[in-house]
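Working notes, beginning with the structure itself.
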Amino acid sequence: MDDRPVMLLASDVESERETLASIFQDNFIIREASSGKEAISVAQEGNISIILLRFPMEDIGGPEILTTFKKDPMVQDVPVIALDIPDKPGCAERVVELGAADFLRPPYPPALARIRVRNVMANTENEWRKLEQRAKDQQIVEMNRYIERDSLTGILNRETFYRRVATLMQTNSTTEYCIIYLNINFFKVINDQYRVEMGDLVLKTSAAYFKSVVGDDGYAARIEADRFALCVPKDSIEMDSFIAGIDGILEGLSVPHNIRFYAGIYPVENAFLPVDQMCDRAHMALNQVKGNYLQRYAYYDKSMRDTMFEEQMITRDMEYALAHRQFHVYLQPIYNLHTNHIVSAEALVRWIHPEKGMISPGKFIPIFEQNGFITHLDRFIWEEVCRTLHDFRQEYGTVVPVSVNLSRVDFYQADLMDFLLGLVHRYGLQPRDLKLEVTESAYTENPRQIMEIVRQFRHHGFLVLMDDFGSGYSSLNMLKELPVDILKIDMAFVRNIEKGRRARIILASIVQMAKRLGMDIVVEGVETKEQIDYLDSVGCEDIQGYYFSKPLPRQEYVEKLAADVKAQKEEQEEKQKS
Ligand code: C2E
Ligand code: CA
Ligand code: CA
């Protein structure tokens with residue numbers, strides 16, 4: 001293929017074309033035009049690299065042709081050398097002004113002509129190269145913009161944020177930074193209840209706000225969906241006014257008040273920690289406040305990470321632990337103040353982990369309630385209790401009832417009643433030997449369903465306790481409608497007895513009301529003689545708490561109970577004698 005550039009020789013003087021053609025034919029593919037008109041049409045076909053144009057042509061003058069070229073995108077960048085321009089002052093300047101790159105006058109000395117043409121070509125090529133480069137740069141910038149930015153909001157996307165933040169922190173080692181992680185709660189509601197456009201608008205407006213707050217000292221990015229992250233120098237953002245600002249923006253968009261941003265802040269200690277892990281930590285802090293009405297942001301601290309690891313460990317080990325009997329039943333006796341004997345007990349689970357030792361139920365029960373494992377654990381505990389009652393009766397001829405805890409999650413199992421009845425039957429017990437503790441908060445959460453099931457329990461002869469009474473929102477009035485046999489008064493009440501008259505008055509009226517409604521009362525968490533005396537004075541007789549006994553391992557409880565049963569018998573025999 002011939003890769004020589006194309007030269008257009010435009011002249012209505014044949015000898016002139018011949019002269020020039022002979023000079024350039026080795027280096028150029030020569031095309032000729034013998035009139036102004038033809039020059040224009042050949043040039044417009046394109047692919048011409050340089051035009052040598054005779055100025056004084058018969059049909060159309062050089063200036064006119066040049067003007068036409070300059071208007072045509074196909075030709076406007078092709079350099080033109082004007083031929084045979086008049087040798088008058090100002091003429092050359094005028095030609096250059098019209099857009100010619102240079103001019104030549106006859107006779108055309110070959111060496112000079114070649115140099116002039118080569119210079120023009122070289123200049124133009126430089127220009128072209130620059131133009132091309134500029135276009136390429138522009139494209140790269142555009143492409144980078146596209147790759148680095150979130151398409152909806154125009155702020156950085158996650159990957160770019162991670163990359164740039166790492167560089168920023170590592171190169172500005174004297175500045176301390178923090179990561180702020182942001183998330184809207186109930187964002188889904190905006191998309192569901194309004195339109196997707198509304199959701200988009202909220203995201204875009206928030207993103208613009210974040211970007212303006214961050215300014216040039218940091219970065220703002222959309223991590224995904226309604227999650228954003230900012231990286232800013234420590235203490236450069238005053239959090240309260242920052243949150244007030246974003247609240248104002250959402251309000252301006254008529255977003256309902258309960259849909260709002262929450263923030264978690266991770267003050268970066270180690271600039272070389274991967275940025276996604278920094279974001280995880282800020283996210284952990286966010287989870288501490290998400291949905292909280294009063295607190296909108298929180299700072300990360302190490303305990304959060306420990307908590308998360310612990311939660312992961314608990315979830316990972318739970319099934320193995322159940323299968324390998326790491327869960328144990330402890331029993332805490334309940335005493336009657338007047339007889340001083342054990343009237344009942346509460347079964348409380350303990351996880352004795354081979355490495356971690358005893359783990360408190362306060363740690364794992366909430367996790368099991370979330371992942372549903374609690375139903376397996378509870379059923380295991382209930383069965384252990386039934387077995388203990390059965391064995392005790394075999395040995396000592398009597399049963400002292402035990403109460404077990406039911407989680408609200410247990411109520412979602414359709415076979416709950418059948419399971420309990422089956423257990424009691426299998427171990428030769430009466431339903432009333434197993435008392436069922438249901439927390440007050442479970443009632444308030446799902447009152448109808450739970451009340452209905454509780455009615456059925458009682459119908460089948462189980463005794464039902466309301467656990468933690470007074471800890472939630474149930475009013476005294478509610479007592480009338482509750483289908484329970486026993487109220488278990490929350491420890492918080494006992495704590496408050498010493499604190500104030502008001503708490504004592506409320507406690508006294510609960511006791512009165514419960515008695516009038518035929519309910520029994522157990523008070524839990526009783527630790528001191530003063531508490532006992534007061535409870536005695538208002539008529540509370542059944543007491544659970546460290547004052548009498550901590551929860552005991554099964555064997556210890558059984559021994560204590562056996563001794564108590566024996567003592568009770570002896571007392572009765574004593575009485576009968578006298
Ligand atoms: P809860 O049902 O209110 O149990 C009473 C808690 O108070 C027990 O804590 C008990 O050890 C503690 N306690 C008893 N007397 C005193 C006292 O005088 N002072 C103080 N400060 N505390 C006392 P524990 O065993 O840590 O159980 C915590 C919670 O875990 C229980 O609260 C219950 O909601 C749940 N739980 C325990 N075992 C089970 C179970 O087998 N199944 C279910 N679903 N939940 C359980
Ligand atoms: Ca309980
Ligand atoms: Ca309780």
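By convention here, the chains of the structure tokens are called A, B, ... in the order presented, each chain's residues are numbered starting at 1, and ligands are numbered starting at 1 in the order presented.
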Non-local contacts of segment 446-462 of chain A (7 Å; only C-alpha atoms; under 6 positions in same chain excluded) as a PyMOL selection string: chain A and resi 431-432+434-435+483
Dump all heavy atoms for the selected residues as a compact mmCIF listing (two decimals), in the first residue's frame?
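The resulting out_31.txt:
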# COMPACT_ATOMS: atom_id res chain seq x y z
N PRO A 431 -49.26 -30.96 84.35
CA PRO A 431 -48.90 -29.65 83.77
C PRO A 431 -48.54 -28.62 84.84
O PRO A 431 -47.63 -27.81 84.62
CB PRO A 431 -50.16 -29.25 83.01
CG PRO A 431 -50.79 -30.54 82.63
CD PRO A 431 -50.50 -31.49 83.79
N ARG A 432 -49.20 -28.71 86.01
CA ARG A 432 -48.94 -27.65 86.99
C ARG A 432 -47.55 -27.78 87.64
O ARG A 432 -47.12 -26.90 88.37
CB ARG A 432 -50.04 -27.57 88.03
CG ARG A 432 -50.30 -28.87 88.78
CD ARG A 432 -51.42 -28.70 89.79
NE ARG A 432 -51.16 -27.60 90.72
CZ ARG A 432 -51.93 -26.52 90.86
NH1 ARG A 432 -53.01 -26.38 90.11
NH2 ARG A 432 -51.65 -25.60 91.74
N LEU A 434 -44.90 -27.73 85.92
CA LEU A 434 -44.05 -26.90 85.06
C LEU A 434 -44.72 -25.53 84.91
O LEU A 434 -45.74 -25.41 84.26
CB LEU A 434 -43.95 -27.58 83.69
CG LEU A 434 -42.73 -27.27 82.83
CD1 LEU A 434 -41.44 -27.65 83.52
CD2 LEU A 434 -42.86 -28.00 81.49
N LYS A 435 -44.12 -24.51 85.51
CA LYS A 435 -44.69 -23.17 85.36
C LYS A 435 -44.03 -22.49 84.17
O LYS A 435 -42.84 -22.69 83.94
CB LYS A 435 -44.46 -22.35 86.61
CG LYS A 435 -45.11 -22.96 87.85
CD LYS A 435 -44.89 -22.01 88.99
CE LYS A 435 -45.25 -22.68 90.31
NZ LYS A 435 -44.90 -21.82 91.43
N PRO A 483 -54.39 -12.99 81.18
CA PRO A 483 -54.73 -14.33 81.65
C PRO A 483 -53.51 -15.00 82.28
O PRO A 483 -52.98 -15.95 81.73
CB PRO A 483 -55.13 -15.04 80.36
CG PRO A 483 -54.32 -14.37 79.28
CD PRO A 483 -54.02 -12.98 79.76
Distance filter 8 Å around ligand 1, atoms: only C-alpha atoms and all ligand atoms, out as number ranges by chain: A: 329, 332, 346-350, 360-362, 365, 374-375, 377-378, 381-382, 404-408, 437, 439, 467-468, 490-491, 524-527, 544-547, 549-551
Store the residues picked out above in a file with N, CA, C and O atoms, as a short mmCIF file (atom, residue, chain, number, x, y, z; two decimals), in the first residue's frame.
data_model
loop_
_atom_site.label_atom_id
_atom_site.label_comp_id
_atom_site.auth_asym_id
_atom_site.auth_seq_id
_atom_site.Cartn_x
_atom_site.Cartn_y
_atom_site.Cartn_z
N VAL A 329 -28.60 -26.71 83.04
CA VAL A 329 -29.68 -26.05 83.77
C VAL A 329 -29.20 -25.71 85.18
O VAL A 329 -28.69 -26.58 85.88
N GLN A 332 -32.69 -21.81 90.57
CA GLN A 332 -32.65 -20.84 91.67
C GLN A 332 -33.92 -21.02 92.50
O GLN A 332 -35.03 -20.80 92.01
N GLU A 346 -36.67 -21.45 89.68
CA GLU A 346 -36.65 -21.06 88.27
C GLU A 346 -35.44 -21.71 87.60
O GLU A 346 -34.34 -21.71 88.14
N ALA A 347 -35.71 -22.27 86.41
CA ALA A 347 -34.62 -22.88 85.64
C ALA A 347 -33.95 -21.80 84.80
O ALA A 347 -34.63 -21.09 84.05
N LEU A 348 -32.64 -21.69 84.94
CA LEU A 348 -31.89 -20.69 84.18
C LEU A 348 -30.74 -21.38 83.46
O LEU A 348 -30.02 -22.17 84.06
N VAL A 349 -30.62 -21.09 82.20
CA VAL A 349 -29.61 -21.80 81.41
C VAL A 349 -28.22 -21.20 81.64
O VAL A 349 -28.08 -20.00 81.86
N ARG A 350 -27.22 -22.07 81.61
CA ARG A 350 -25.82 -21.63 81.67
C ARG A 350 -25.06 -22.32 80.55
O ARG A 350 -25.26 -23.51 80.31
N SER A 360 -22.69 -15.86 80.17
CA SER A 360 -23.98 -15.46 80.74
C SER A 360 -25.08 -15.48 79.69
O SER A 360 -24.87 -15.12 78.53
N PRO A 361 -26.29 -15.93 80.09
CA PRO A 361 -27.40 -15.95 79.13
C PRO A 361 -27.71 -14.57 78.57
O PRO A 361 -28.21 -14.45 77.45
N GLY A 362 -27.40 -13.54 79.34
CA GLY A 362 -27.62 -12.19 78.84
C GLY A 362 -26.87 -11.95 77.54
O GLY A 362 -27.28 -11.13 76.72
N ILE A 365 -28.64 -15.30 74.81
CA ILE A 365 -30.08 -15.40 74.55
C ILE A 365 -30.54 -14.40 73.47
O ILE A 365 -31.23 -14.77 72.53
N ILE A 374 -33.03 -20.23 69.77
CA ILE A 374 -33.58 -20.27 71.12
C ILE A 374 -34.63 -21.38 71.28
O ILE A 374 -34.73 -21.98 72.35
N THR A 375 -35.38 -21.67 70.23
CA THR A 375 -36.42 -22.71 70.39
C THR A 375 -35.79 -24.07 70.67
O THR A 375 -36.32 -24.83 71.48
N LEU A 377 -32.86 -24.54 72.12
CA LEU A 377 -32.27 -24.50 73.46
C LEU A 377 -33.37 -24.59 74.53
O LEU A 377 -33.26 -25.36 75.48
N ASP A 378 -34.43 -23.82 74.34
CA ASP A 378 -35.51 -23.83 75.34
C ASP A 378 -36.10 -25.24 75.49
O ASP A 378 -36.31 -25.71 76.60
N ILE A 381 -33.87 -27.30 77.54
CA ILE A 381 -33.93 -26.94 78.96
C ILE A 381 -35.21 -27.49 79.60
O ILE A 381 -35.19 -28.07 80.69
N TRP A 382 -36.34 -27.32 78.90
CA TRP A 382 -37.61 -27.82 79.45
C TRP A 382 -37.53 -29.31 79.74
O TRP A 382 -37.99 -29.80 80.75
N VAL A 404 -40.03 -22.44 83.93
CA VAL A 404 -39.08 -22.35 82.82
C VAL A 404 -39.40 -21.10 82.03
O VAL A 404 -40.53 -20.60 82.05
N ASN A 405 -38.40 -20.60 81.33
CA ASN A 405 -38.59 -19.39 80.53
C ASN A 405 -39.02 -19.73 79.10
O ASN A 405 -38.47 -20.65 78.49
N LEU A 406 -39.99 -18.97 78.61
CA LEU A 406 -40.40 -19.10 77.20
C LEU A 406 -40.01 -17.81 76.49
O LEU A 406 -40.33 -16.72 76.97
N SER A 407 -39.34 -17.96 75.39
CA SER A 407 -39.02 -16.78 74.61
C SER A 407 -40.21 -16.46 73.70
O SER A 407 -40.95 -17.36 73.31
N ARG A 408 -40.34 -15.20 73.35
CA ARG A 408 -41.44 -14.85 72.43
C ARG A 408 -41.31 -15.63 71.13
O ARG A 408 -42.29 -15.92 70.45
N GLU A 437 -42.89 -19.12 82.27
CA GLU A 437 -42.64 -17.68 82.41
C GLU A 437 -42.61 -17.01 81.04
O GLU A 437 -41.85 -17.40 80.17
N THR A 439 -42.35 -13.15 79.36
CA THR A 439 -42.05 -11.78 79.78
C THR A 439 -43.14 -10.82 79.40
O THR A 439 -43.86 -11.00 78.41
N ASP A 467 -43.40 -12.60 83.59
CA ASP A 467 -42.04 -12.30 84.04
C ASP A 467 -41.75 -10.81 83.87
O ASP A 467 -42.33 -10.15 83.00
N ASP A 468 -40.86 -10.31 84.69
CA ASP A 468 -40.38 -8.92 84.58
C ASP A 468 -41.51 -7.90 84.65
O ASP A 468 -41.44 -6.85 84.01
N ASP A 490 -40.50 -7.39 88.68
CA ASP A 490 -39.15 -7.15 88.17
C ASP A 490 -38.21 -6.62 89.25
O ASP A 490 -38.61 -5.89 90.14
N MET A 491 -36.96 -6.99 89.10
CA MET A 491 -35.94 -6.59 90.09
C MET A 491 -35.83 -5.08 90.24
O MET A 491 -35.46 -4.59 91.29
N GLU A 524 -38.56 -11.02 92.45
CA GLU A 524 -37.22 -11.54 92.14
C GLU A 524 -36.14 -10.49 92.37
O GLU A 524 -36.42 -9.29 92.44
N GLY A 525 -34.93 -10.95 92.52
CA GLY A 525 -33.80 -10.05 92.70
C GLY A 525 -33.69 -9.48 94.09
O GLY A 525 -33.15 -8.39 94.28
N VAL A 526 -34.18 -10.19 95.07
CA VAL A 526 -34.14 -9.69 96.44
C VAL A 526 -32.79 -10.06 97.07
O VAL A 526 -32.41 -11.22 97.10
N GLU A 527 -32.11 -9.03 97.55
CA GLU A 527 -30.74 -9.27 98.03
C GLU A 527 -30.53 -8.94 99.50
O GLU A 527 -29.59 -9.44 100.11
N GLN A 544 -37.51 -14.68 95.37
CA GLN A 544 -36.39 -15.28 94.64
C GLN A 544 -35.25 -14.27 94.65
O GLN A 544 -35.48 -13.09 94.38
N GLY A 545 -34.08 -14.68 94.99
CA GLY A 545 -32.98 -13.71 94.98
C GLY A 545 -31.79 -14.20 95.76
O GLY A 545 -31.84 -15.20 96.46
N TYR A 546 -30.70 -13.47 95.59
CA TYR A 546 -29.44 -13.88 96.22
C TYR A 546 -29.56 -13.91 97.75
O TYR A 546 -28.77 -14.57 98.41
N TYR A 547 -30.53 -13.17 98.29
CA TYR A 547 -30.71 -13.18 99.75
C TYR A 547 -30.85 -14.63 100.23
O TYR A 547 -30.27 -15.01 101.25
N SER A 549 -30.68 -17.53 97.84
CA SER A 549 -29.77 -18.42 97.10
C SER A 549 -29.53 -17.91 95.69
O SER A 549 -30.43 -17.37 95.05
N LYS A 550 -28.33 -18.12 95.22
CA LYS A 550 -28.03 -17.89 93.80
C LYS A 550 -28.57 -19.08 93.01
O LYS A 550 -28.87 -20.11 93.60
N PRO A 551 -28.64 -18.96 91.66
CA PRO A 551 -28.98 -20.14 90.87
C PRO A 551 -27.91 -21.22 91.11
O PRO A 551 -26.73 -20.91 91.14
#
For Thr339 of chain A: contacts at 12 Å, only C-alpha atoms, fewer than 2 positions along chain excluded, given as an MDAnalysis selection string: chainID A and resid 334:337 341:343 541:543 564:565 567:568 571:572
Which of segment 85-329 of chain A fall in strand (DSSP E or B), as a ChimeraX atom specification: /A:102-104,149,156,177-184,219-224,227-233,261-267,297-299,327-329
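With atom CA of Ser403 of chain A on one side and atom CA of Leu436 of chain A on the other, the separation reads 5.5 Å.
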Close residues, segment 244-253 of chain A itself excluded, 12 Å, only C-alpha atoms, min 2 positions apart in chain, as a VMD selection string: chain A and resid 182 to 184 187 190 194 197 to 213 237 to 242 255 to 263 296 to 297
12 Å contact set for segment 495-501 of chain A, only C-alpha atoms, chain neighbours under 6 positions out, as a ChimeraX atom specification: /A:470,489,507-508,523-535,538
Store the residues picked out above, limited to N, CA, C and O atoms, as a compact mmCIF listing (two decimals), in the first residue's frame.
# COMPACT_ATOMS: atom_id res chain seq x y z
N GLY A 470 -43.61 -4.85 85.29
CA GLY A 470 -43.26 -3.50 85.73
C GLY A 470 -42.03 -2.96 85.01
O GLY A 470 -41.68 -1.81 85.15
N ILE A 489 -42.55 -9.90 89.88
CA ILE A 489 -42.22 -8.48 89.90
C ILE A 489 -40.74 -8.27 89.61
O ILE A 489 -39.88 -8.90 90.20
N LEU A 507 -45.61 -0.31 94.25
CA LEU A 507 -45.46 -1.74 94.54
C LEU A 507 -46.61 -2.23 95.42
O LEU A 507 -47.23 -3.27 95.14
N ALA A 508 -46.93 -1.44 96.43
CA ALA A 508 -48.01 -1.84 97.33
C ALA A 508 -49.32 -1.97 96.56
O ALA A 508 -50.10 -2.91 96.79
N VAL A 523 -41.48 -12.13 93.94
CA VAL A 523 -40.60 -10.98 93.74
C VAL A 523 -39.19 -11.50 93.51
O VAL A 523 -38.70 -12.35 94.25
N GLU A 524 -38.56 -11.02 92.45
CA GLU A 524 -37.22 -11.54 92.14
C GLU A 524 -36.14 -10.49 92.37
O GLU A 524 -36.42 -9.29 92.44
N GLY A 525 -34.93 -10.95 92.52
CA GLY A 525 -33.80 -10.05 92.70
C GLY A 525 -33.69 -9.48 94.09
O GLY A 525 -33.15 -8.39 94.28
N VAL A 526 -34.18 -10.19 95.07
CA VAL A 526 -34.14 -9.69 96.44
C VAL A 526 -32.79 -10.06 97.07
O VAL A 526 -32.41 -11.22 97.10
N GLU A 527 -32.11 -9.03 97.55
CA GLU A 527 -30.74 -9.27 98.03
C GLU A 527 -30.53 -8.94 99.50
O GLU A 527 -29.59 -9.44 100.11
N THR A 528 -31.37 -8.04 100.06
CA THR A 528 -31.06 -7.57 101.43
C THR A 528 -32.20 -7.82 102.41
O THR A 528 -33.36 -7.99 102.03
N LYS A 529 -31.83 -7.76 103.68
CA LYS A 529 -32.80 -7.93 104.76
C LYS A 529 -33.84 -6.80 104.73
O LYS A 529 -35.03 -7.03 104.97
N GLU A 530 -33.38 -5.57 104.40
CA GLU A 530 -34.29 -4.42 104.34
C GLU A 530 -35.38 -4.66 103.30
O GLU A 530 -36.55 -4.38 103.53
N GLN A 531 -34.96 -5.18 102.15
CA GLN A 531 -35.93 -5.46 101.09
C GLN A 531 -36.93 -6.51 101.57
O GLN A 531 -38.14 -6.38 101.37
N ILE A 532 -36.43 -7.54 102.18
CA ILE A 532 -37.30 -8.60 102.70
C ILE A 532 -38.33 -8.02 103.66
O ILE A 532 -39.53 -8.29 103.55
N ASP A 533 -37.88 -7.17 104.57
CA ASP A 533 -38.79 -6.61 105.57
C ASP A 533 -39.89 -5.79 104.92
O ASP A 533 -41.06 -5.90 105.27
N TYR A 534 -39.47 -4.99 103.94
CA TYR A 534 -40.50 -4.18 103.29
C TYR A 534 -41.49 -5.07 102.54
O TYR A 534 -42.71 -4.91 102.66
N LEU A 535 -40.98 -6.05 101.79
CA LEU A 535 -41.85 -6.92 100.99
C LEU A 535 -42.81 -7.68 101.92
O LEU A 535 -43.99 -7.85 101.61
N VAL A 538 -45.78 -5.52 102.91
CA VAL A 538 -46.88 -5.30 101.95
C VAL A 538 -47.51 -6.62 101.52
O VAL A 538 -48.39 -6.64 100.64
